>>> print(open('work-v7.cif').read())   # mmCIF, C-alpha atoms
data_model
#
loop_
_atom_site.label_atom_id
_atom_site.label_comp_id
_atom_site.auth_asym_id
_atom_site.auth_seq_id
_atom_site.Cartn_x
_atom_site.Cartn_y
_atom_site.Cartn_z
CA MET A 1 12.75 -124.73 98.89
CA THR A 2 15.24 -123.70 96.22
CA ALA A 3 18.88 -123.72 97.32
CA ILE A 4 21.03 -120.79 96.24
CA LYS A 5 24.79 -120.62 96.37
CA GLY A 6 27.21 -117.73 96.61
CA GLY A 7 30.96 -117.39 96.92
CA TYR A 8 31.68 -114.35 94.75
CA THR A 9 31.22 -110.60 94.98
CA ASN A 10 29.89 -110.11 91.42
CA TYR A 11 27.57 -112.32 89.40
CA GLY A 12 26.25 -112.65 85.85
CA GLN A 13 29.51 -111.81 84.07
CA ASP A 14 30.34 -115.16 82.50
CA ILE A 15 32.90 -113.82 80.02
CA GLY A 16 36.09 -112.31 81.42
CA ILE A 17 38.34 -110.17 79.21
CA LEU A 18 42.01 -109.53 79.93
CA MET A 19 42.92 -105.94 79.07
CA MET A 20 46.21 -104.10 78.99
CA ARG A 21 46.06 -100.64 80.54
CA THR A 22 45.51 -98.15 77.69
CA VAL A 23 44.08 -94.68 77.09
CA PHE A 24 43.15 -94.71 73.38
CA PRO A 25 39.42 -94.27 72.60
CA ARG A 26 37.39 -97.46 72.49
CA LEU A 27 34.20 -96.91 70.51
CA VAL A 28 31.25 -99.28 70.50
CA GLY A 29 32.45 -102.31 68.58
CA ASP A 30 35.83 -102.36 70.29
CA ILE A 31 36.38 -105.26 72.68
CA GLY A 32 37.20 -102.74 75.42
CA ASN A 33 33.76 -101.10 75.23
CA ALA A 34 31.23 -103.11 77.24
CA ARG A 35 28.35 -101.79 75.10
CA THR A 36 29.77 -103.86 72.23
CA PHE A 37 28.30 -107.06 73.65
CA SER A 38 24.76 -108.34 74.14
CA MET A 39 25.85 -110.02 77.39
CA PRO A 40 27.63 -108.66 80.48
CA VAL A 41 31.43 -108.98 80.42
CA ARG A 42 33.98 -108.56 83.18
CA TYR A 43 37.25 -106.74 82.54
CA GLN A 44 40.54 -107.41 84.28
CA ILE A 45 43.30 -104.86 83.64
CA VAL A 46 46.81 -106.28 83.43
CA ASP A 47 49.80 -104.04 84.11
CA VAL A 48 52.76 -105.51 82.26
CA ASP A 49 56.34 -104.33 82.55
CA PRO A 50 58.03 -104.17 79.12
CA LEU A 51 61.11 -102.38 80.44
CA ASN A 52 64.33 -104.34 80.18
CA MET A 53 62.42 -107.25 78.69
CA THR A 54 64.58 -109.93 77.10
CA GLU A 55 63.91 -113.35 75.63
CA LYS A 56 65.01 -114.92 78.90
CA ASN A 57 62.72 -112.93 81.20
CA ALA A 58 59.74 -112.41 78.86
CA ASP A 59 57.68 -115.08 80.61
CA SER A 60 58.06 -113.50 84.03
CA ARG A 61 57.51 -109.92 82.83
CA LEU A 62 54.75 -110.58 80.28
CA LEU A 63 53.13 -113.99 80.59
CA ALA A 64 53.07 -114.28 84.40
CA PRO A 65 50.89 -111.17 84.93
CA PHE A 66 48.35 -112.44 82.39
CA ILE A 67 48.24 -115.87 84.02
CA GLU A 68 47.66 -114.24 87.41
CA ALA A 69 44.87 -112.09 85.95
CA ALA A 70 43.25 -115.10 84.23
CA ARG A 71 43.24 -117.01 87.51
CA GLN A 72 41.66 -114.01 89.21
CA LEU A 73 38.83 -113.97 86.65
CA GLU A 74 38.29 -117.68 87.19
CA ALA A 75 38.25 -117.22 90.98
CA GLU A 76 35.61 -114.50 90.57
CA GLY A 77 33.26 -116.85 88.72
CA CYS A 78 33.92 -116.27 85.02
CA LYS A 79 33.19 -119.27 82.84
CA ALA A 80 35.42 -118.31 79.90
CA ILE A 81 38.24 -115.86 79.27
CA ALA A 82 39.25 -113.80 76.25
CA THR A 83 42.09 -111.40 75.61
CA SER A 84 41.98 -108.02 73.93
CA CYS A 85 45.19 -108.33 71.90
CA GLY A 86 45.98 -110.92 69.25
CA PHE A 87 49.67 -111.12 70.17
CA LEU A 88 48.64 -113.24 73.15
CA ALA A 89 47.82 -116.02 70.69
CA GLY A 90 51.50 -116.84 71.08
CA PHE A 91 50.66 -117.87 74.67
CA GLN A 92 47.39 -119.70 73.98
CA ARG A 93 48.53 -123.02 75.43
CA GLN A 94 50.19 -121.51 78.50
CA LEU A 95 47.15 -119.42 79.39
CA ALA A 96 44.70 -122.25 78.75
CA ASP A 97 46.78 -124.63 80.88
CA ALA A 98 46.89 -122.13 83.75
CA VAL A 99 43.13 -122.21 84.45
CA ASN A 100 40.25 -124.68 84.41
CA ILE A 101 37.95 -122.70 82.12
CA PRO A 102 38.27 -122.10 78.36
CA VAL A 103 40.62 -119.36 77.15
CA PHE A 104 40.30 -117.67 73.77
CA THR A 105 43.31 -115.48 73.01
CA SER A 106 42.57 -114.81 69.35
CA PRO A 107 40.10 -115.54 66.54
CA LEU A 108 43.02 -117.39 64.93
CA ILE A 109 41.65 -120.46 66.69
CA LEU A 110 38.67 -120.28 64.32
CA VAL A 111 40.81 -120.87 61.23
CA PRO A 112 40.49 -124.70 61.13
CA MET A 113 36.70 -124.45 61.40
CA ILE A 114 36.54 -121.84 58.65
CA TYR A 115 38.81 -123.89 56.40
CA THR A 116 36.60 -126.94 56.85
CA ALA A 117 33.55 -124.91 55.83
CA LEU A 118 35.14 -123.37 52.73
CA SER A 119 35.74 -124.81 49.30
CA ARG A 120 39.30 -126.06 48.98
CA LYS A 121 39.66 -123.60 46.13
CA ARG A 122 39.46 -120.78 48.65
CA SER A 123 42.03 -119.27 51.00
CA ILE A 124 41.57 -117.49 54.33
CA GLY A 125 42.67 -113.90 54.77
CA ILE A 126 44.09 -112.77 58.10
CA LEU A 127 44.04 -109.03 58.77
CA SER A 128 46.65 -108.05 61.34
CA GLU A 129 48.04 -104.73 62.52
CA TYR A 130 51.56 -106.11 62.13
CA ALA A 131 51.55 -108.71 59.37
CA GLN A 132 55.26 -109.52 59.71
CA GLY A 133 54.64 -110.78 63.23
CA MET A 134 52.13 -113.42 62.16
CA ASN A 135 54.10 -116.65 61.81
CA GLU A 136 53.95 -120.38 62.44
CA GLN A 137 54.46 -119.93 66.18
CA TYR A 138 51.14 -118.10 66.46
CA PHE A 139 49.38 -120.48 64.09
CA ASN A 140 50.67 -123.56 65.92
CA GLN A 141 49.59 -122.16 69.29
CA ALA A 142 46.12 -121.68 67.79
CA GLY A 143 46.09 -125.36 66.78
CA TRP A 144 46.93 -125.35 63.08
CA SER A 145 49.65 -124.78 60.50
CA SER A 146 49.88 -122.71 57.34
CA LYS A 147 51.46 -125.80 55.80
CA ASN A 148 48.00 -127.39 55.84
CA ILE A 149 45.67 -124.40 55.62
CA PRO A 150 46.11 -121.76 52.90
CA VAL A 151 46.20 -118.35 54.55
CA HIS A 152 47.36 -114.93 53.45
CA VAL A 153 48.19 -112.22 55.99
CA SER A 154 47.79 -108.50 55.34
CA GLY A 155 48.61 -105.61 57.63
CA LEU A 156 49.04 -101.87 57.87
CA GLU A 157 51.99 -99.61 57.24
CA ALA A 158 54.06 -98.92 60.35
CA ASP A 159 53.06 -95.25 60.39
CA SER A 160 49.38 -95.74 59.57
CA ALA A 161 46.74 -93.56 61.24
CA PHE A 162 45.44 -96.66 63.01
CA SER A 163 48.86 -97.51 64.43
CA GLN A 164 49.47 -93.92 65.49
CA MET A 165 46.24 -93.98 67.49
CA ILE A 166 45.90 -97.56 68.79
CA ILE A 167 49.41 -98.95 68.96
CA ALA A 168 50.92 -95.66 70.12
CA ASP A 169 48.05 -95.43 72.66
CA ASN A 170 47.04 -91.85 71.93
CA PRO A 171 44.00 -90.58 73.85
CA GLU A 172 42.75 -88.44 70.95
CA GLY A 173 42.55 -88.76 67.19
CA ASN A 174 40.22 -88.91 64.19
CA TRP A 175 38.04 -91.76 63.00
CA GLU A 176 38.19 -91.07 59.27
CA PRO A 177 41.97 -91.55 58.75
CA MET A 178 41.83 -94.87 60.62
CA ALA A 179 38.91 -96.05 58.51
CA ALA A 180 40.73 -94.99 55.35
CA CYS A 181 43.87 -97.05 56.03
CA ILE A 182 41.83 -100.12 56.97
CA ARG A 183 39.77 -99.71 53.83
CA GLU A 184 42.96 -99.53 51.77
CA MET A 185 44.38 -102.63 53.47
CA THR A 186 41.19 -104.62 52.79
CA GLU A 187 41.00 -103.52 49.14
CA LYS A 188 44.63 -104.45 48.57
CA HIS A 189 44.16 -107.84 50.18
CA MET A 190 41.17 -108.72 48.03
CA GLU A 191 42.94 -107.52 44.87
CA GLN A 192 46.07 -109.51 45.68
CA TYR A 193 44.23 -112.64 46.87
CA PRO A 194 40.95 -112.85 44.90
CA ASP A 195 40.45 -116.46 46.03
CA THR A 196 39.81 -115.27 49.62
CA GLY A 197 36.73 -117.02 50.98
CA ALA A 198 36.70 -115.51 54.47
CA LEU A 199 38.55 -112.95 56.54
CA VAL A 200 39.74 -113.26 60.13
CA LEU A 201 40.36 -110.10 62.14
CA GLU A 202 43.45 -111.07 64.10
CA CYS A 203 43.60 -107.54 65.50
CA ALA A 204 40.70 -107.17 67.94
CA ASN A 205 40.70 -103.39 67.46
CA TYR A 206 39.61 -103.79 63.83
CA ALA A 207 36.18 -104.85 65.09
CA PRO A 208 34.48 -101.42 64.84
CA PHE A 209 35.27 -101.53 61.12
CA THR A 210 33.83 -105.03 60.54
CA HIS A 211 30.84 -103.89 58.49
CA MET A 212 33.01 -101.74 56.24
CA ILE A 213 35.50 -104.58 55.77
CA GLN A 214 32.73 -106.98 54.80
CA GLN A 215 31.18 -104.51 52.36
CA ILE A 216 34.53 -104.28 50.59
CA ALA A 217 35.45 -107.97 50.69
CA GLN A 218 31.97 -109.47 50.21
CA VAL A 219 32.97 -112.55 52.25
CA PRO A 220 32.23 -113.64 55.84
CA VAL A 221 34.31 -111.78 58.44
CA PHE A 222 35.23 -113.54 61.68
CA GLY A 223 36.48 -111.72 64.76
CA MET A 224 36.74 -111.90 68.52
CA ASN A 225 33.39 -110.16 69.04
CA GLN A 226 31.49 -112.81 67.09
CA LEU A 227 33.43 -115.55 68.86
CA LEU A 228 32.55 -114.21 72.31
CA GLU A 229 28.86 -113.89 71.48
CA TYR A 230 28.92 -117.55 70.47
CA ILE A 231 30.95 -118.63 73.51
CA SER A 232 28.49 -116.83 75.78
CA THR A 233 25.69 -119.12 74.59
CA CYS A 234 27.92 -122.15 75.16
CA VAL A 235 28.80 -121.38 78.78
CA ASP A 236 25.27 -120.17 79.57
CA ALA A 237 22.94 -122.15 77.33
CA PRO A 238 19.75 -120.28 76.41
CA ILE A 239 16.27 -121.29 77.49
CA TYR A 240 13.95 -121.52 74.50
CA PRO A 241 10.54 -120.00 75.34
CA HIS A 242 8.19 -122.75 74.14
CA ASN A 243 10.35 -125.73 75.10
CA PRO A 244 8.17 -128.00 77.35
CA LEU A 245 11.21 -128.78 79.51
CA TYR A 246 10.98 -125.33 81.12
#
>>> encode(input="work-v7.cif", output="structure tokens")
Amino acid sequence: MTAIKGGYTNYGQDIGILMMRTVFPRLVGDIGNARTFSMPVRYQIVDVDPLNMTEKNADSRLLAPFIEAARQLEAEGCKAIATSCGFLAGFQRQLADAVNIPVFTSPLILVPMIYTALSRKRSIGILSEYAQGMNEQYFNQAGWSSKNIPVHVSGLEADSAFSQMIIADNPEGNWEPMAACIREMTEKHMEQYPDTGALVLECANYAPFTHMIQQIAQVPVFGMNQLLEYISTCVDAPIYPHNPLY
């Protein structure tokens, strides 16, 4: 007799993804499109209240809803949690401490591993939607410091086609202008920092453009999608067909 155990309504979705409620198109490759992944994922939509937000009440209006949603994913059987927006890297420790399963807020947590693998003559490029917002607070939350790891951050213009579609949360737009501004950002980064040995896509919504970015930069490109595929094999280890143990 083989014992089986329940306790949840849904099964087989080991990776939970915290999503803010949006309406902009999410093509295959975007973290918000379930067809992006080779494994099933479970989405949890978080309704946050940015109105009247101040430094004093930011935790209750912003962080608390994400913590509640993360706990819900854990209660429903998820084995790891990711977020769909890199700004949550600023709350990496708080979110990880709130649950008993791993939390991955941003591919920024990959930076120490990448740095260890690269020649010390190389730097790491971080591509962000809002480069000015990437600072030591985010890096420290991700477990490292730019004082020890050479990084260069590049971003888009405030009125870029990408920002007008994704950040402004428009339900309709055109692919080509978004691709053009990301191409320009990548080309400028590689021209300005020719010692770049790898790129990290801090903005999860850059993922559909990963192949184009890599063709331009000719270096490895790390993002949340690749991280989640790896994490999936860690929380649900594969069975190898000809292994005599099985």
>>> resolve_selection(input="work-v7.cif", expression="the PyMOL selection byres ((chain A and resi 131-135) around 9)", output="PyMOL selection string")
chain A and resi 87+126-130+136-140+146+153-156
>>> residues_near_point(input="work-v7.cif", point="(42.2, -113.9, 61.4)", cutoff="6 Å", atoms="only C-alpha atoms", output="ChimeraX atom specification")
/A:107-108,126-127,200-202
>>> resolve_selection(input="work-v7.cif", expression="the PyMOL selection byres ((chain A and resi 40-46) around 6)", output="list in words")
Gln13, Ile15, Gly16, Ile17, Leu18, Met19, Met20, Arg21, Met39 and Asp47 of chain A
>>> atom_distance(input="work-v7.cif", atom1="CA of Ser119 in chain A", atom2="CA of Cys234 in chain A")
27.1 Å
>>> resolve_selection(input="work-v7.cif", expression="the PyMOL selection byres ((chain A and resi 79) around 9)", output="ChimeraX atom specification")
/A:13-16,73-74,77-78,80-81,101-102,232,235-236
>>> atom_distance(input="work-v7.cif", atom1="CA of Glu157 in chain A", atom2="CA of Phe37 in chain A")
29.8 Å
>>> residues_near_point(input="work-v7.cif", point="(39.6, -97.6, 71.6)", cutoff="10 Å", atoms="all atoms listed in the file", output="list in words")
Thr22, Val23, Phe24, Pro25, Arg26, Leu27, Val28, Gly29, Asp30, Ile31, Gly32, Asn33, Met165, Ile166, Asp169, Asn170, Pro171, Glu172, Asn205, Tyr206 and Pro208 of chain A
>>> closest_residue(input="work-v7.cif", among="A:Met178, A:Val221, A:Cys85, A:Ala3", to="Phe104 in chain A", atoms="all atoms listed in the file")
A:Cys85
>>> closest_residue(input="work-v7.cif", among="A:Ile124, A:Leu63, A:Ile114, A:Ala75", to="Leu95 in chain A", atoms="only C-alpha atoms")
A:Leu63
>>> atom_distance(input="work-v7.cif", atom1="CA of Pro150 in chain A", atom2="CA of Arg122 in chain A")
8.0 Å
>>> axis_aligned_box(input="work-v7.cif", around="range 188-192 of chain A", padding_each_side="6 Å", output="lines of an AutoDock Vina configuration file")
center_x = 43.6
center_y = -107.0
center_z = 47.5
size_x = 16.9
size_y = 17.1
size_z = 17.3
>>> closest_residue(input="work-v7.cif", among="A:Ala180, A:Met212, A:Leu228, A:Ile67", to="Arg93 in chain A", atoms="only C-alpha atoms")
A:Ile67
>>> residues_around(input="work-v7.cif", residues="Ile213 in chain A", least_positions_apart="6", cutoff="12 Å", atoms="all atoms listed in the file", output="list of chain:residue names")
A:Gly125, A:Leu127, A:Ala179, A:Ala180, A:Cys181, A:Ile182, A:Arg183, A:Glu184, A:Met185, A:Thr186, A:Glu187, A:Lys188, A:His189, A:Met190, A:Ala198, A:Leu199, A:Val200, A:Leu201, A:Tyr206, A:Ala207, A:Val219, A:Pro220, A:Val221, A:Phe222, A:Gly223
>>> build_atoms(input="work-v7.cif", residues="range 235-246 of chain A", atoms="N, CA and C atoms", output="PDB file, keeping the file's coordinate frame")
ATOM      1  N   VAL A 235      28.571-121.273  77.342  1.00  0.00           N
ATOM      2  CA  VAL A 235      28.800-121.380  78.780  1.00  0.00           C
ATOM      3  C   VAL A 235      27.548-121.059  79.581  1.00  0.00           C
ATOM      4  N   ASP A 236      26.550-120.459  78.934  1.00  0.00           N
ATOM      5  CA  ASP A 236      25.270-120.170  79.570  1.00  0.00           C
ATOM      6  C   ASP A 236      24.178-120.451  78.542  1.00  0.00           C
ATOM      7  N   ALA A 237      23.859-121.721  78.385  1.00  0.00           N
ATOM      8  CA  ALA A 237      22.940-122.150  77.330  1.00  0.00           C
ATOM      9  C   ALA A 237      21.584-121.467  77.465  1.00  0.00           C
ATOM     10  N   PRO A 238      21.027-120.999  76.354  1.00  0.00           N
ATOM     11  CA  PRO A 238      19.750-120.280  76.410  1.00  0.00           C
ATOM     12  C   PRO A 238      18.573-121.193  76.703  1.00  0.00           C
ATOM     13  N   ILE A 239      17.547-120.603  77.285  1.00  0.00           N
ATOM     14  CA  ILE A 239      16.270-121.290  77.490  1.00  0.00           C
ATOM     15  C   ILE A 239      15.346-120.876  76.357  1.00  0.00           C
ATOM     16  N   TYR A 240      14.832-121.832  75.611  1.00  0.00           N
ATOM     17  CA  TYR A 240      13.950-121.520  74.500  1.00  0.00           C
ATOM     18  C   TYR A 240      12.509-121.435  74.994  1.00  0.00           C
ATOM     19  N   PRO A 241      11.805-120.328  74.692  1.00  0.00           N
ATOM     20  CA  PRO A 241      10.540-120.000  75.340  1.00  0.00           C
ATOM     21  C   PRO A 241       9.473-121.093  75.340  1.00  0.00           C
ATOM     22  N   HIS A 242       9.309-121.797  74.230  1.00  0.00           N
ATOM     23  CA  HIS A 242       8.190-122.750  74.140  1.00  0.00           C
ATOM     24  C   HIS A 242       8.655-124.196  74.320  1.00  0.00           C
ATOM     25  N   ASN A 243       9.856-124.382  74.839  1.00  0.00           N
ATOM     26  CA  ASN A 243      10.350-125.730  75.100  1.00  0.00           C
ATOM     27  C   ASN A 243       9.618-126.279  76.330  1.00  0.00           C
ATOM     28  N   PRO A 244       8.955-127.454  76.207  1.00  0.00           N
ATOM     29  CA  PRO A 244       8.170-128.000  77.350  1.00  0.00           C
ATOM     30  C   PRO A 244       9.043-128.404  78.532  1.00  0.00           C
ATOM     31  N   LEU A 245      10.351-128.420  78.376  1.00  0.00           N
ATOM     32  CA  LEU A 245      11.210-128.780  79.510  1.00  0.00           C
ATOM     33  C   LEU A 245      11.263-127.674  80.559  1.00  0.00           C
ATOM     34  N   TYR A 246      10.842-126.464  80.186  1.00  0.00           N
ATOM     35  CA  TYR A 246      10.980-125.330  81.120  1.00  0.00           C
ATOM     36  C   TYR A 246       9.611-124.720  81.402  1.00  0.00           C
TER      37      TYR A 246
END
